[in-house]
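A.B. asks: Handing you this structure, nothing more for now.
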Amino acid sequence: MKMTSPTAPQRFATCDLCDTHKNDSSGRFRVLPPVFKSFGGVSAFYGPVVTVKCFEDNSLVKAAVDGSGLVETAAGLMPAVLVVDGGASLRRALLGGNLGAAAAKNGWAGVVIDGCVRDVAELAQCQIGIRALAVIPRPPEKRNEGQRGVAVQMQGVWVYPGDWLYADDDGIVLMPAPLQT
């Protein structure tokens with residue numbers, strides 16, 4: 001199996017991607033609203049999307065980041081991006097320092113959360129891209145509730161498992177297929 005190295009990232013700029021796809025009216029190219037803040041030690045990241053839908057319960061987030069972040073693609077194994085539909089809750093964190101470190105250790109390219117994080121100083125040390133709406137110190141619930149591998153809405157934008165997510169300092173975009181190099 002071919003492994004694509006996360007240490008030799010593909011060059012991209014979300015502004016260039018938006019310029020290239022500015023006339024796309026199909027809905028296949030999507031841009032997330034500019035409400036996500038950066039918390040990880042990596043500012044630009046990309047990869048195929050794995051989804052989790054949960055509300056104030058991070059049981060499935062923990063299960064995901066505790067496992068391998070590598071997924072099989074046409075180009076070989078690639079670090080994936082975990083996209084978490086947390087229902088935009090600002091009441092409980094869905095990712096903290098321990099889970100951020102686990103995600104980095106297990107090869108995830110990034111985590112994007114429509115919700116909150118905590119342990120900001122620890123997350124900044126993680127060599128992974130992390131985006132979320134805000135910070136709150138309150139921990140999540142542990143009810144083992146939620147769904148994995150389903151289409152989710154992030155701030156009104158549909159995100160599908162297997163989409164490709166590209167994030168940098170200018171924003172986050174989604175496409176149904178990876179960039180061609």
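How things are named: the first chain in the structure tokens is A, the next is B, and so on; residues count from 1 in each chain; ligands count from 1 in the order shown.
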Residues within 10 Å of Ile130 in chain A, please, as a list in words. Count only C-alpha atoms; anything in the same chain fewer than 6 positions from it doesn't count.
C.D. replies: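 So, after excluding close chain neighbours, the residues are Phe36, Lys37, Ser38, Phe39, Gly40, Gly41, Val42, Ser43, Ala44, Phe45, Val81, Leu82, Leu95, Gly100, Ala103, Ala109, Gly110, Val111, Val112, Ile113, Val117, Leu123, Ala124 and Ala167 of chain A.
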A.B. asks: Would you save the residues from that selection as a PDB file, in the first residue's frame, using C-alpha atoms?
C.D. replies:
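Writing the result to selection_32.pdb gives the following:
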ATOM      1  CA  PHE A  36     -13.720  28.734  12.931  1.00  0.00           C
ATOM      2  CA  LYS A  37     -10.643  29.660  14.975  1.00  0.00           C
ATOM      3  CA  SER A  38      -7.305  27.853  14.797  1.00  0.00           C
ATOM      4  CA  PHE A  39      -6.093  26.037  17.921  1.00  0.00           C
ATOM      5  CA  GLY A  40      -3.599  23.408  16.730  1.00  0.00           C
ATOM      6  CA  GLY A  41       0.106  23.638  16.030  1.00  0.00           C
ATOM      7  CA  VAL A  42      -0.439  23.328  12.252  1.00  0.00           C
ATOM      8  CA  SER A  43      -2.178  26.156  10.388  1.00  0.00           C
ATOM      9  CA  ALA A  44      -2.631  24.536   6.957  1.00  0.00           C
ATOM     10  CA  PHE A  45      -3.888  20.986   6.516  1.00  0.00           C
ATOM     11  CA  VAL A  81      -9.556  15.251   8.677  1.00  0.00           C
ATOM     12  CA  LEU A  82     -12.102  14.520  11.384  1.00  0.00           C
ATOM     13  CA  LEU A  95     -11.756  18.120  22.195  1.00  0.00           C
ATOM     14  CA  GLY A 100      -5.557  16.529  20.441  1.00  0.00           C
ATOM     15  CA  ALA A 103      -5.094  12.683  17.081  1.00  0.00           C
ATOM     16  CA  ALA A 109      -4.218  15.688   9.492  1.00  0.00           C
ATOM     17  CA  GLY A 110      -6.744  17.793  11.352  1.00  0.00           C
ATOM     18  CA  VAL A 111      -9.939  18.133  13.341  1.00  0.00           C
ATOM     19  CA  VAL A 112     -12.673  20.664  12.541  1.00  0.00           C
ATOM     20  CA  ILE A 113     -15.354  21.046  15.213  1.00  0.00           C
ATOM     21  CA  VAL A 117     -12.373  22.903  22.550  1.00  0.00           C
ATOM     22  CA  LEU A 123      -3.672  22.014  21.699  1.00  0.00           C
ATOM     23  CA  ALA A 124      -1.218  24.622  20.390  1.00  0.00           C
ATOM     24  CA  ALA A 167      -7.814  24.562   5.490  1.00  0.00           C
TER      25      ALA A 167
END
A.B. asks: Please return, as a ChimeraX atom specification, all residues of range 5-174 of chain A that DSSP assigns to strand (DSSP E or B) on the basis of the backbone.
C.D. replies: /A:30-31,37-38,45-53,57,70-73,76-79,81-85,93-95,110-117,129-135,141,147-148,152-154,157-159,164-168,171-174
A.B. asks: Which residue gives the smallest distance to Val120 in chain A among A:Ile136, A:Val84, A:Leu60, A:Ala13, with only C-alpha atoms counted?
C.D. replies: A:Ile136
A.B. asks: When distances are computed from only C-alpha atoms, which of A:Pro48, A:Val31, A:Lys142, A:Asp163 shows the smallest separation from Gly76 in chain A?
C.D. replies: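 Among the listed residues, A:Pro48 lies closest to Gly76 in chain A.
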A.B. asks: Mind checking which residues fall within 10 Å of Gly115 in chain A, counting only C-alpha atoms, ignoring those fewer than 4 positions away in the same chain, and posting them as a list in words?
C.D. replies: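 Residues meeting the cut-off are Phe36, Cys54, Phe55, Glu56, Val84, Asp85, Gly86, Gly87, Ala88, Ser89, Leu90, Arg91, Arg92, Ala93, Leu94, Leu95, Arg131, Ala132, Leu133, Ala134, Val135, Ile136 and Met154 of chain A.
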A.B. asks: Nearest to Gly129 in chain A among A:Trp158, A:Trp164, A:Phe29, A:Trp108, with distances taken over only C-alpha atoms: which residue is it?
C.D. replies: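 Nearest candidate to Gly129 in chain A out of A:Trp158, A:Trp164, A:Phe29, A:Trp108: A:Trp108.
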A.B. asks: Which one is closest to Pro161 in chain A: A:Gln147, A:Gln127, A:Asn106, A:Thr20? Count only C-alpha atoms.
C.D. replies: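 Among the listed residues, the smallest separation from Pro161 in chain A belongs to A:Gln147.
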A.B. asks: Smallest atom-to-atom distance to Cys18 in chain A: which of A:Ser59, A:Arg30, A:Ala151, A:Pro79, using only C-alpha atoms?
C.D. replies: A:Arg30
A.B. asks: Calculate how many Å separate CA of Asp24 in chain A from CA of Leu77 in chain A, rounding to one decimal.
C.D. replies: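 A separation of 28.8 Å between them.
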A.B. asks: So that I can check the secondary structure, give me every residue of range 4-146 of chain A assigned alpha helix (DSSP H) by backbone DSSP, as a ChimeraX atom specification.
C.D. replies: /A:14-20,59-66,97-105,120-124
A.B. asks: Hey, what's within 12 Å of Cys15 in chain A if we count only C-alpha atoms and toss same-chain stuff fewer than 2 positions away? As a CSV table (one decimal) with N, CA and C atoms, in the first residue's frame, please?
C.D. replies:
chain,number,residue,atom,x,y,z
A,12,PHE,N,-1.2,24.3,-1.5
A,12,PHE,CA,-2.5,24.8,-1.9
A,12,PHE,C,-2.7,26.1,-1.1
A,13,ALA,N,-3.7,26.9,-1.6
A,13,ALA,CA,-4.1,28.1,-1.0
A,13,ALA,C,-5.6,28.1,-1.2
A,17,LEU,N,-8.0,28.2,-4.6
A,17,LEU,CA,-9.1,27.2,-4.8
A,17,LEU,C,-10.4,28.0,-5.1
A,18,CYS,N,-10.7,29.0,-4.3
A,18,CYS,CA,-11.9,29.8,-4.5
A,18,CYS,C,-11.9,30.5,-5.8
A,19,ASP,N,-10.8,31.0,-6.2
A,19,ASP,CA,-10.7,31.7,-7.5
A,19,ASP,C,-10.9,30.7,-8.6
A,20,THR,N,-10.4,29.5,-8.5
A,20,THR,CA,-10.5,28.5,-9.5
A,20,THR,C,-12.0,28.0,-9.6
A,21,HIS,N,-12.7,27.9,-8.5
A,21,HIS,CA,-14.0,27.4,-8.5
A,21,HIS,C,-15.1,28.5,-8.3
A,22,LYS,N,-14.8,29.8,-8.6
A,22,LYS,CA,-15.7,30.9,-8.4
A,22,LYS,C,-17.0,30.8,-9.2
A,31,VAL,N,-17.5,26.4,0.8
A,31,VAL,CA,-16.7,27.2,1.7
A,31,VAL,C,-17.4,27.3,3.0
A,166,TYR,N,-9.7,21.3,2.7
A,166,TYR,CA,-8.5,22.1,2.7
A,166,TYR,C,-8.7,23.3,3.6
A,167,ALA,N,-7.7,23.5,4.5
A,167,ALA,CA,-7.8,24.6,5.5
A,167,ALA,C,-6.5,25.3,5.6
A,168,ASP,N,-6.5,26.6,5.6
A,168,ASP,CA,-5.3,27.4,5.8
A,168,ASP,C,-5.7,28.6,6.5
A,169,ASP,N,-4.9,29.6,6.6
A,169,ASP,CA,-5.2,30.8,7.4
A,169,ASP,C,-6.3,31.6,6.8
A,170,ASP,N,-6.6,31.4,5.5
A,170,ASP,CA,-7.7,32.2,4.9
A,170,ASP,C,-9.1,31.5,5.0
A,171,GLY,N,-9.1,30.2,5.3
A,171,GLY,CA,-10.4,29.6,5.5
A,171,GLY,C,-10.4,28.1,5.3
A,172,ILE,N,-11.6,27.6,5.1
A,172,ILE,CA,-11.8,26.1,4.9
A,172,ILE,C,-12.7,25.9,3.7
A,173,VAL,N,-12.2,25.0,2.8
A,173,VAL,CA,-13.0,24.7,1.7
A,173,VAL,C,-13.2,23.2,1.6
